[in-house]
$ cat input_8.tsv   # TSV, C-alpha atoms
chain	number	residue	atom	x	y	z
A	1	MET	CA	4.91	-8.34	-4.35
A	2	PRO	CA	8.47	-9.46	-3.60
A	3	TYR	CA	10.35	-11.41	-6.24
A	4	ASP	CA	11.22	-15.05	-5.76
A	5	PRO	CA	14.01	-15.20	-3.16
A	6	ILE	CA	15.93	-17.59	-5.39
A	7	LEU	CA	15.99	-14.97	-8.14
A	8	VAL	CA	17.09	-12.25	-5.75
A	9	GLN	CA	19.79	-14.19	-3.92
A	10	PRO	CA	22.56	-13.58	-6.50
A	11	MET	CA	21.79	-9.84	-6.33
A	12	ARG	CA	22.28	-9.96	-2.57
A	13	GLU	CA	25.48	-11.97	-2.89
A	14	GLU	CA	26.95	-9.52	-5.38
A	15	LEU	CA	27.35	-7.22	-2.36
A	16	THR	CA	27.64	-9.57	0.59
A	17	SER	CA	30.44	-11.48	-1.14
A	18	ILE	CA	32.64	-8.38	-0.85
A	19	GLY	CA	31.89	-7.88	2.81
A	20	VAL	CA	28.88	-5.57	2.66
A	21	GLN	CA	26.74	-6.26	5.72
A	22	GLU	CA	23.16	-7.15	4.90
A	23	LEU	CA	20.43	-5.71	7.13
A	24	ARG	CA	17.30	-7.85	6.89
A	25	THR	CA	15.11	-6.41	9.66
A	26	GLY	CA	14.30	-3.07	11.22
A	27	ALA	CA	16.17	-4.15	14.34
A	28	ASP	CA	19.23	-4.92	12.21
A	29	VAL	CA	19.07	-1.40	10.77
A	30	ASP	CA	18.67	0.32	14.12
A	31	GLU	CA	21.49	-1.65	15.65
A	32	PHE	CA	23.74	-0.78	12.71
A	33	MET	CA	22.83	2.90	12.52
A	34	GLN	CA	22.23	4.17	16.01
A	35	GLY	CA	24.89	6.07	17.87
A	36	LYS	CA	27.59	5.41	15.33
A	37	THR	CA	30.27	7.92	14.40
A	38	GLY	CA	32.52	7.89	11.37
A	39	THR	CA	31.43	7.24	7.81
A	40	THR	CA	28.86	4.73	6.62
A	41	MET	CA	27.56	3.88	3.18
A	42	ILE	CA	24.21	2.22	2.71
A	43	VAL	CA	23.33	0.54	-0.58
A	44	ILE	CA	19.59	0.32	-1.14
A	45	ASN	CA	19.56	-2.67	-3.46
A	46	SER	CA	16.86	-3.38	-6.01
A	47	VAL	CA	15.99	-5.87	-8.73
A	48	CYS	CA	15.84	-3.03	-11.26
A	49	GLY	CA	18.10	-3.92	-14.16
A	50	CYS	CA	18.24	-0.37	-15.52
A	51	ALA	CA	20.00	0.98	-12.44
A	52	ALA	CA	20.80	-1.68	-9.85
A	53	GLY	CA	22.51	-3.74	-12.54
A	54	GLN	CA	25.12	-0.96	-12.69
A	55	ALA	CA	24.95	0.18	-9.07
A	56	ARG	CA	26.15	-3.10	-7.57
A	57	PRO	CA	29.27	-3.46	-9.75
A	58	GLY	CA	29.83	0.27	-9.30
A	59	VAL	CA	29.88	-0.21	-5.53
A	60	ARG	CA	32.23	-3.18	-5.88
A	61	LEU	CA	34.66	-1.08	-7.92
A	62	ALA	CA	34.42	1.93	-5.62
A	63	LEU	CA	35.16	-0.14	-2.53
A	64	GLN	CA	38.54	-1.04	-4.02
A	65	SER	CA	39.53	2.57	-3.39
A	66	ASP	CA	42.09	3.30	-0.68
A	67	VAL	CA	39.70	5.85	0.80
A	68	LYS	CA	36.32	4.39	1.62
A	69	PRO	CA	33.63	4.46	4.30
A	70	ASP	CA	34.31	2.91	7.69
A	71	ARG	CA	31.28	0.66	7.33
A	72	VAL	CA	29.10	-0.47	4.43
A	73	ALA	CA	25.71	-2.13	4.63
A	74	THR	CA	22.77	-2.89	2.38
A	75	VAL	CA	19.02	-3.30	2.52
A	76	PHE	CA	16.97	-4.79	-0.31
A	77	ALA	CA	14.02	-2.60	-1.32
A	78	GLY	CA	10.90	-4.54	-2.19
A	79	GLN	CA	12.26	-7.63	-0.47
A	80	ASP	CA	13.18	-6.68	3.07
A	81	VAL	CA	10.36	-4.19	3.44
A	82	GLU	CA	10.63	-3.51	7.16
A	83	ALA	CA	14.37	-2.99	7.01
A	84	THR	CA	14.04	-0.60	4.08
A	85	ALA	CA	11.30	1.43	5.78
A	86	THR	CA	13.33	1.66	8.96
A	87	LEU	CA	16.41	2.77	7.07
A	88	ARG	CA	14.49	5.46	5.18
A	89	GLY	CA	13.54	6.90	8.54
A	90	TYR	CA	17.18	7.91	8.93
A	91	PHE	CA	16.92	10.26	5.92
A	92	SER	CA	13.21	10.86	5.64
A	93	GLN	CA	13.78	14.32	4.18
A	94	LEU	CA	14.76	12.65	0.91
A	95	PRO	CA	12.28	10.95	-1.42
A	96	PRO	CA	12.38	7.13	-1.42
A	97	SER	CA	14.53	5.83	-4.28
A	98	SER	CA	15.74	2.38	-5.18
A	99	PRO	CA	18.32	1.53	-6.02
A	100	SER	CA	20.15	4.36	-4.33
A	101	LEU	CA	23.30	5.01	-2.34
A	102	ALA	CA	23.53	7.05	0.84
A	103	LEU	CA	26.76	8.14	2.50
A	104	PHE	CA	26.54	9.16	6.16
A	105	LYS	CA	29.07	10.98	8.28
A	106	ASP	CA	28.49	10.94	12.03
A	107	GLY	CA	24.89	9.92	11.42
A	108	GLN	CA	24.04	12.61	8.88
A	109	VAL	CA	23.55	12.06	5.16
A	110	VAL	CA	26.31	13.92	3.34
A	111	HIS	CA	25.98	12.41	-0.14
A	112	PHE	CA	23.02	10.75	-1.83
A	113	VAL	CA	22.84	9.07	-5.22
A	114	PRO	CA	19.22	8.54	-6.25
A	115	ARG	CA	18.13	6.01	-8.82
A	116	HIS	CA	17.90	8.49	-11.67
A	117	ALA	CA	21.57	9.39	-11.19
A	118	ILE	CA	22.49	5.74	-11.84
A	119	GLU	CA	20.14	4.98	-14.74
A	120	GLY	CA	21.86	4.76	-18.09
A	121	ARG	CA	25.36	4.94	-16.65
A	122	ASP	CA	27.98	2.22	-16.55
A	123	ALA	CA	29.52	0.75	-13.42
A	124	LEU	CA	32.82	2.59	-13.82
A	125	SER	CA	31.08	5.93	-14.03
A	126	VAL	CA	29.04	5.16	-10.92
A	127	ALA	CA	32.22	4.06	-9.15
A	128	ASN	CA	34.15	7.17	-10.11
A	129	ASP	CA	31.49	9.42	-8.64
A	130	LEU	CA	31.40	7.34	-5.47
A	131	VAL	CA	35.16	7.49	-5.08
A	132	ALA	CA	35.01	11.27	-5.43
A	133	ALA	CA	32.49	11.34	-2.58
A	134	PHE	CA	34.67	8.96	-0.52
A	135	ASN	CA	37.66	11.27	-1.02
A	136	LYS	CA	35.60	14.26	0.04
A	137	TYR	CA	33.93	12.78	3.11
A	138	CYS	CA	35.87	9.68	4.19
A	139	ALA	CA	39.50	10.77	4.03
A	140	LYS	CA	41.23	10.58	7.40
A	141	SER	CA	42.91	13.72	8.62
A	142	THR	CA	46.70	13.36	8.80
A	143	ALA	CA	47.15	16.47	10.91
B	1	MET	CA	21.95	-8.74	-13.35
B	2	GLY	CA	18.39	-7.59	-12.80
B	3	THR	CA	15.05	-7.28	-14.47
B	4	PHE	CA	15.08	-5.88	-17.99
B	5	HIS	CA	12.31	-5.29	-20.51
B	6	HIS	CA	14.09	-4.54	-23.76
B	7	ASP	CA	10.86	-4.76	-25.74
B	8	ARG	CA	9.32	-1.72	-24.01
B	9	GLY	CA	11.36	1.05	-25.59
B	10	GLU	CA	14.65	2.71	-24.72
B	11	LEU	CA	13.14	4.89	-22.01
B	12	HIS	CA	11.28	2.07	-20.28
B	13	GLY	CA	12.27	2.06	-16.64
B	14	ILE	CA	14.12	5.37	-16.91
B	15	THR	CA	13.16	8.39	-14.79
B	16	VAL	CA	12.19	11.19	-17.16
B	17	VAL	CA	11.08	14.80	-17.10
B	18	VAL	CA	8.10	15.51	-19.33
B	19	ASP	CA	7.64	19.19	-19.99
B	20	THR	CA	4.34	20.27	-21.45
B	21	THR	CA	3.09	23.16	-23.51
B	22	GLY	CA	1.14	24.25	-20.42
B	23	PRO	CA	2.21	25.05	-16.86
B	24	GLU	CA	2.61	21.37	-15.87
B	25	VAL	CA	5.86	19.46	-15.74
B	26	TYR	CA	5.88	15.76	-14.86
B	27	VAL	CA	8.58	13.51	-13.41
B	28	GLY	CA	8.26	9.75	-13.23
B	29	ARG	CA	9.51	6.40	-14.40
B	30	CYS	CA	8.69	5.90	-18.06
B	31	ASP	CA	6.61	2.83	-18.73
B	32	THR	CA	5.72	3.31	-22.39
B	33	LEU	CA	6.18	6.03	-24.97
B	34	ASP	CA	4.45	5.84	-28.32
B	35	GLU	CA	2.84	8.11	-30.87
B	36	GLY	CA	-0.21	8.64	-28.70
B	37	ALA	CA	1.07	9.21	-25.18
B	38	ILE	CA	3.71	8.65	-22.57
B	39	VAL	CA	2.83	6.63	-19.48
B	40	LEU	CA	4.69	7.45	-16.28
B	41	LEU	CA	4.72	5.33	-13.12
B	42	ASP	CA	5.45	6.53	-9.58
B	43	ALA	CA	5.14	10.09	-10.81
B	44	ASP	CA	4.87	13.66	-9.60
B	45	VAL	CA	3.43	16.71	-11.31
B	46	HIS	CA	4.40	20.30	-10.67
B	47	ILE	CA	2.30	23.22	-11.81
B	48	ALA	CA	4.37	26.34	-12.33
B	49	GLY	CA	3.15	29.35	-10.41
B	50	VAL	CA	0.52	27.44	-8.46
B	51	GLU	CA	3.07	25.59	-6.33
B	52	GLY	CA	5.52	28.39	-5.73
B	53	SER	CA	8.47	27.54	-7.93
B	54	SER	CA	8.99	27.67	-11.67
B	55	LYS	CA	9.28	24.57	-13.81
B	56	GLU	CA	13.06	25.03	-13.98
B	57	GLU	CA	13.43	25.40	-10.23
B	58	TYR	CA	11.33	22.31	-9.60
B	59	VAL	CA	13.29	20.24	-12.14
B	60	ARG	CA	16.63	21.30	-10.64
B	61	GLN	CA	15.36	20.29	-7.20
B	62	VAL	CA	14.26	16.81	-8.28
B	63	ALA	CA	17.45	16.34	-10.32
B	64	ARG	CA	19.42	16.75	-7.11
B	65	PHE	CA	17.34	14.75	-4.65
B	66	GLY	CA	14.68	12.83	-6.55
B	67	HIS	CA	10.92	13.25	-6.56
B	68	TRP	CA	8.12	12.28	-4.24
B	69	LYS	CA	5.69	9.81	-5.75
B	70	LYS	CA	2.20	11.31	-5.77
B	71	HIS	CA	0.63	9.27	-8.56
B	72	GLU	CA	0.88	5.56	-9.31
B	73	ARG	CA	0.32	6.15	-13.04
B	74	ILE	CA	-0.08	9.20	-15.23
B	75	VAL	CA	-0.87	9.28	-18.95
B	76	ILE	CA	0.22	12.39	-20.87
B	77	GLU	CA	-1.05	12.76	-24.41
B	78	THR	CA	1.58	13.48	-27.05
B	79	GLY	CA	-0.15	16.67	-28.14
B	80	LYS	CA	0.55	18.23	-24.74
B	81	ILE	CA	4.23	17.26	-24.61
B	82	ALA	CA	6.92	19.86	-25.28
B	83	SER	CA	9.90	17.65	-24.43
B	84	VAL	CA	10.96	14.40	-22.77
B	85	ARG	CA	14.41	14.05	-21.25
B	86	ARG	CA	16.17	11.82	-18.75
B	87	LEU	CA	16.19	13.28	-15.25
B	88	GLY	CA	19.73	11.98	-14.82
B	89	GLN	CA	20.88	14.26	-17.65
B	90	VAL	CA	19.51	17.46	-16.13
B	91	PRO	CA	22.42	19.69	-15.04
B	92	LEU	CA	22.51	20.11	-11.26
B	93	GLN	CA	23.66	23.75	-11.43
$ encode --input "input_8.tsv" --output "structure tokens"
Amino acid sequence: MPYDPILVQPMREELTSIGVQELRTGADVDEFMQGKTGTTMIVINSVCGCAAGQARPGVRLALQSDVKPDRVATVFAGQDVEATATLRGYFSQLPPSSPSLALFKDGQVVHFVPRHAIEGRDALSVANDLVAAFNKYCAKSTA
Amino acid sequence: MGTFHHDRGELHGITVVVDTTGPEVYVGRCDTLDEGAIVLLDADVHIAGVEGSSKEEYVRQVARFGHWKKHERIVIETGKIASVRRLGQVPLQ
């Protein structure tokens, strides 16, 4: 059963306030994902305090990096059920996990951070790993 | 910000690997752990030999990508447990 929207709203705004696009429906997800090139990060948000409580500030810190994905969006697992299910169809080879972070390049998942890789870590540690992935997959060629 | 349950033990809500003295190894989100048993939610169980890979191979796989939920809730009695560790602390190599 979804949590009270009033309780969840600040958890949404922790990401949307820094420009992360929120995808609330399956149609939103398809429009955002289909036919896009470049790099995209999706944050699968969650109410879980053990992991999401560090994932969101970790994302905020990581997005201050000079090198970052071209586009960043979020769905809220357990709240926006249709949007989350639609998104998971884009990397159905991986087990569902929330919160989690998926980095796409030209439509393919190139880096995935499942919930268990966030649990027990602090935001800076999560951010540092994300920045390393950004540097690996999102850096623009200067050649 | 999020939901916390500090009264449920330090592993509550954490994804753990429960190795047993038998061929089974379990992965799931720890609900409770006490002197009698550990309760896992959204869990998977792998039986070494029966399902192709060893316990170690299975654990390395789920450490990298996560696990597929096959059971809502599993109770493992303490007497069968060899070790409990956080999945996030399993080396990926």
$ closest_atom_pairs --input "input_8.tsv" --of "chain B" --to "chain A" --cutoff "12 Å" --atoms "only C-alpha atoms" --output "CSV"
residue,atom,partner,partner_atom,distance
B:Met1,CA,A:Gly53,CA,5.1
B:Gly2,CA,A:Gly49,CA,3.9
B:Thr3,CA,A:Gly49,CA,4.5
B:Phe4,CA,A:Gly49,CA,5.3
B:His5,CA,A:Gly49,CA,8.7
B:His6,CA,A:Cys50,CA,10.1
B:Glu10,CA,A:Gly120,CA,10.0
B:Leu11,CA,A:Gly120,CA,9.6
B:His12,CA,A:Cys50,CA,8.8
B:Gly13,CA,A:Cys50,CA,6.5
B:Ile14,CA,A:Glu119,CA,6.4
B:Thr15,CA,A:His116,CA,5.7
B:Val16,CA,A:His116,CA,8.4
B:Val17,CA,A:His116,CA,10.8
B:Val27,CA,A:His116,CA,10.7
B:Gly28,CA,A:His116,CA,9.8
B:Arg29,CA,A:His116,CA,9.1
B:Cys30,CA,A:His116,CA,11.5
B:Asp42,CA,A:Ser97,CA,10.5
B:Ala43,CA,A:Pro95,CA,11.8
B:Asp44,CA,A:Pro95,CA,11.4
B:Gln61,CA,A:Leu94,CA,11.2
B:Val62,CA,A:Pro95,CA,9.2
B:Ala63,CA,A:His116,CA,8.0
B:Arg64,CA,A:Pro114,CA,8.3
B:Phe65,CA,A:Leu94,CA,6.5
B:Gly66,CA,A:Pro95,CA,6.0
B:His67,CA,A:Pro95,CA,5.8
B:Trp68,CA,A:Pro95,CA,5.2
B:Lys69,CA,A:Pro95,CA,8.0
B:Lys70,CA,A:Pro95,CA,11.0
B:Arg85,CA,A:His116,CA,11.6
B:Arg86,CA,A:His116,CA,8.0
B:Leu87,CA,A:His116,CA,6.2
B:Gly88,CA,A:Ala117,CA,4.8
B:Gln89,CA,A:Ala117,CA,8.1
B:Val90,CA,A:Ala117,CA,9.7
B:Pro91,CA,A:Ala117,CA,11.0
B:Leu92,CA,A:Ala117,CA,10.8
$ closest_residue --input "input_8.tsv" --among "B:Glu72, B:Gln93, B:Glu35, B:Gly79" --to "Thr21 (chain B)" --atoms "all atoms listed in the file"
B:Gly79
$ atom_distance --input "input_8.tsv" --atom1 "CA of Val43 (chain A)" --atom2 "CA of Arg73 (chain B)"
26.8 Å
$ atom_distance --input "input_8.tsv" --atom1 "CA of Glu51 (chain B)" --atom2 "CA of Val18 (chain B)"
17.2 Å
$ residues_around --input "input_8.tsv" --residues "Asp106 (chain A)" --least-positions-apart "4" --cutoff "7 Å" --atoms "all atoms listed in the file" --output "VMD selection string"
chain A and resid 36 to 39
$ atom_distance --input "input_8.tsv" --atom1 "CA of Ile81 (chain B)" --atom2 "CA of Asp34 (chain B)"
12.0 Å
$ closest_residue --input "input_8.tsv" --among "A:Lys68, A:Asp28, A:Lys105, A:His111" --to "Glu82 (chain A)" --atoms "all atoms listed in the file"
A:Asp28
$ closest_residue --input "input_8.tsv" --among "B:Val45, B:Asp31, B:Val25, B:Ile38" --to "His71 (chain B)" --atoms "all atoms listed in the file"
B:Val45
$ residues_near_point --input "input_8.tsv" --point "(44.8, 4.9, -3.3)" --cutoff "12 Å" --atoms "all atoms listed in the file" --output "PyMOL selection string"
chain A and resi 62-68+131-132+134-135+139
$ residues_around --input "input_8.tsv" --residues "His46 (chain B)" --least-positions-apart "3" --cutoff "10 Å" --atoms "all atoms listed in the file" --output "VMD selection string"
chain B and resid 19 23 to 27 49 to 55 58 to 59
$ axis_aligned_box --input "input_8.tsv" --around "region 98-116 of chain A" --padding-each-side "8 Å" --output "AutoDock Vina command-line options"
--center_x 22.4 --center_y 7.7 --center_z 0.2 --size_x 29.3 --size_y 28.4 --size_z 39.7
$ residues_around --input "input_8.tsv" --residues "Val39 (chain B)" --least-positions-apart "2" --cutoff "6 Å" --atoms "all atoms listed in the file" --output "PyMOL selection string"
chain B and resi 31-32+74-75
$ decode --input "input_8.tsv" --residues "region 129-141 of chain A" --atoms "all heavy atoms" --output "CSV table (one decimal), in the first residue's frame"
chain,number,residue,atom,x,y,z
A,129,ASP,N,31.2,6.9,-5.7
A,129,ASP,CA,31.0,5.8,-6.6
A,129,ASP,C,30.3,6.3,-7.9
A,129,ASP,O,30.6,5.8,-9.0
A,129,ASP,CB,30.3,4.6,-5.9
A,129,ASP,CG,31.2,3.8,-5.1
A,129,ASP,OD1,32.4,4.2,-5.0
A,129,ASP,OD2,30.8,2.9,-4.5
A,130,LEU,N,29.3,7.1,-7.7
A,130,LEU,CA,28.5,7.6,-8.8
A,130,LEU,C,29.4,8.4,-9.7
A,130,LEU,O,29.4,8.3,-11.0
A,130,LEU,CB,27.3,8.4,-8.4
A,130,LEU,CG,26.0,7.7,-8.1
A,130,LEU,CD1,24.9,8.7,-7.7
A,130,LEU,CD2,25.5,6.9,-9.3
A,131,VAL,N,30.2,9.3,-9.1
A,131,VAL,CA,31.1,10.2,-9.9
A,131,VAL,C,32.1,9.3,-10.7
A,131,VAL,O,32.4,9.6,-11.8
A,131,VAL,CB,31.8,11.2,-9.0
A,131,VAL,CG1,32.9,12.0,-9.8
A,131,VAL,CG2,30.7,12.2,-8.5
A,132,ALA,N,32.6,8.3,-10.1
A,132,ALA,CA,33.5,7.4,-10.8
A,132,ALA,C,32.8,6.8,-12.0
A,132,ALA,O,33.4,6.7,-13.1
A,132,ALA,CB,34.0,6.3,-9.9
A,133,ALA,N,31.5,6.4,-11.9
A,133,ALA,CA,30.8,5.9,-13.0
A,133,ALA,C,30.5,7.0,-14.1
A,133,ALA,O,30.6,6.7,-15.3
A,133,ALA,CB,29.5,5.3,-12.5
A,134,PHE,N,30.2,8.2,-13.6
A,134,PHE,CA,30.0,9.3,-14.5
A,134,PHE,C,31.3,9.5,-15.3
A,134,PHE,O,31.3,9.7,-16.6
A,134,PHE,CB,29.7,10.6,-13.8
A,134,PHE,CG,28.4,10.6,-13.1
A,134,PHE,CD1,28.1,11.7,-12.2
A,134,PHE,CD2,27.4,9.7,-13.2
A,134,PHE,CE1,26.9,11.7,-11.5
A,134,PHE,CE2,26.2,9.7,-12.6
A,134,PHE,CZ,26.0,10.7,-11.7
A,135,ASN,N,32.5,9.5,-14.7
A,135,ASN,CA,33.7,9.8,-15.4
A,135,ASN,C,34.0,8.7,-16.4
A,135,ASN,O,34.6,8.9,-17.4
A,135,ASN,CB,34.9,9.8,-14.4
A,135,ASN,CG,34.8,11.1,-13.6
A,135,ASN,OD1,34.3,12.2,-14.0
A,135,ASN,ND2,35.4,11.1,-12.4
A,136,LYS,N,33.6,7.5,-16.1
A,136,LYS,CA,33.8,6.3,-17.0
A,136,LYS,C,32.9,6.4,-18.2
A,136,LYS,O,33.3,6.1,-19.3
A,136,LYS,CB,33.6,5.0,-16.2
A,136,LYS,CG,33.9,3.8,-17.0
A,136,LYS,CD,33.9,2.5,-16.2
A,136,LYS,CE,34.2,1.3,-17.0
A,136,LYS,NZ,34.1,0.1,-16.2
A,137,TYR,N,31.6,6.7,-18.0
A,137,TYR,CA,30.6,6.6,-19.0
A,137,TYR,C,30.1,7.9,-19.6
A,137,TYR,O,29.5,7.9,-20.7
A,137,TYR,CB,29.4,5.7,-18.5
A,137,TYR,CG,29.8,4.3,-18.1
A,137,TYR,CD1,29.8,4.0,-16.8
A,137,TYR,CD2,30.2,3.4,-19.1
A,137,TYR,CE1,30.2,2.7,-16.4
A,137,TYR,CE2,30.5,2.1,-18.7
A,137,TYR,CZ,30.5,1.7,-17.4
A,137,TYR,OH,30.9,0.5,-17.0
A,138,CYS,N,30.3,9.0,-18.9
A,138,CYS,CA,29.6,10.2,-19.4
A,138,CYS,C,30.6,11.3,-19.9
A,138,CYS,O,30.2,12.3,-20.3
A,138,CYS,CB,28.8,10.8,-18.2
A,138,CYS,SG,27.6,9.7,-17.5
A,139,ALA,N,31.9,11.0,-19.7
A,139,ALA,CA,32.9,12.0,-20.2
A,139,ALA,C,32.8,12.2,-21.7
A,139,ALA,O,32.6,11.2,-22.5
A,139,ALA,CB,34.3,11.5,-19.8
A,140,LYS,N,32.8,13.4,-22.1
A,140,LYS,CA,32.7,13.7,-23.6
A,140,LYS,C,34.1,13.6,-24.2
A,140,LYS,O,35.1,14.1,-23.6
A,140,LYS,CB,32.2,15.2,-23.8
A,140,LYS,CG,30.9,15.5,-23.1
A,140,LYS,CD,29.8,14.6,-23.7
A,140,LYS,CE,28.4,15.0,-23.0
A,140,LYS,NZ,27.3,14.1,-23.4
A,141,SER,N,34.2,13.0,-25.3
A,141,SER,CA,35.4,12.9,-26.0
A,141,SER,C,35.9,14.2,-26.5
A,141,SER,O,35.1,15.0,-27.0
A,141,SER,CB,35.3,11.9,-27.2
A,141,SER,OG,36.5,12.0,-28.0
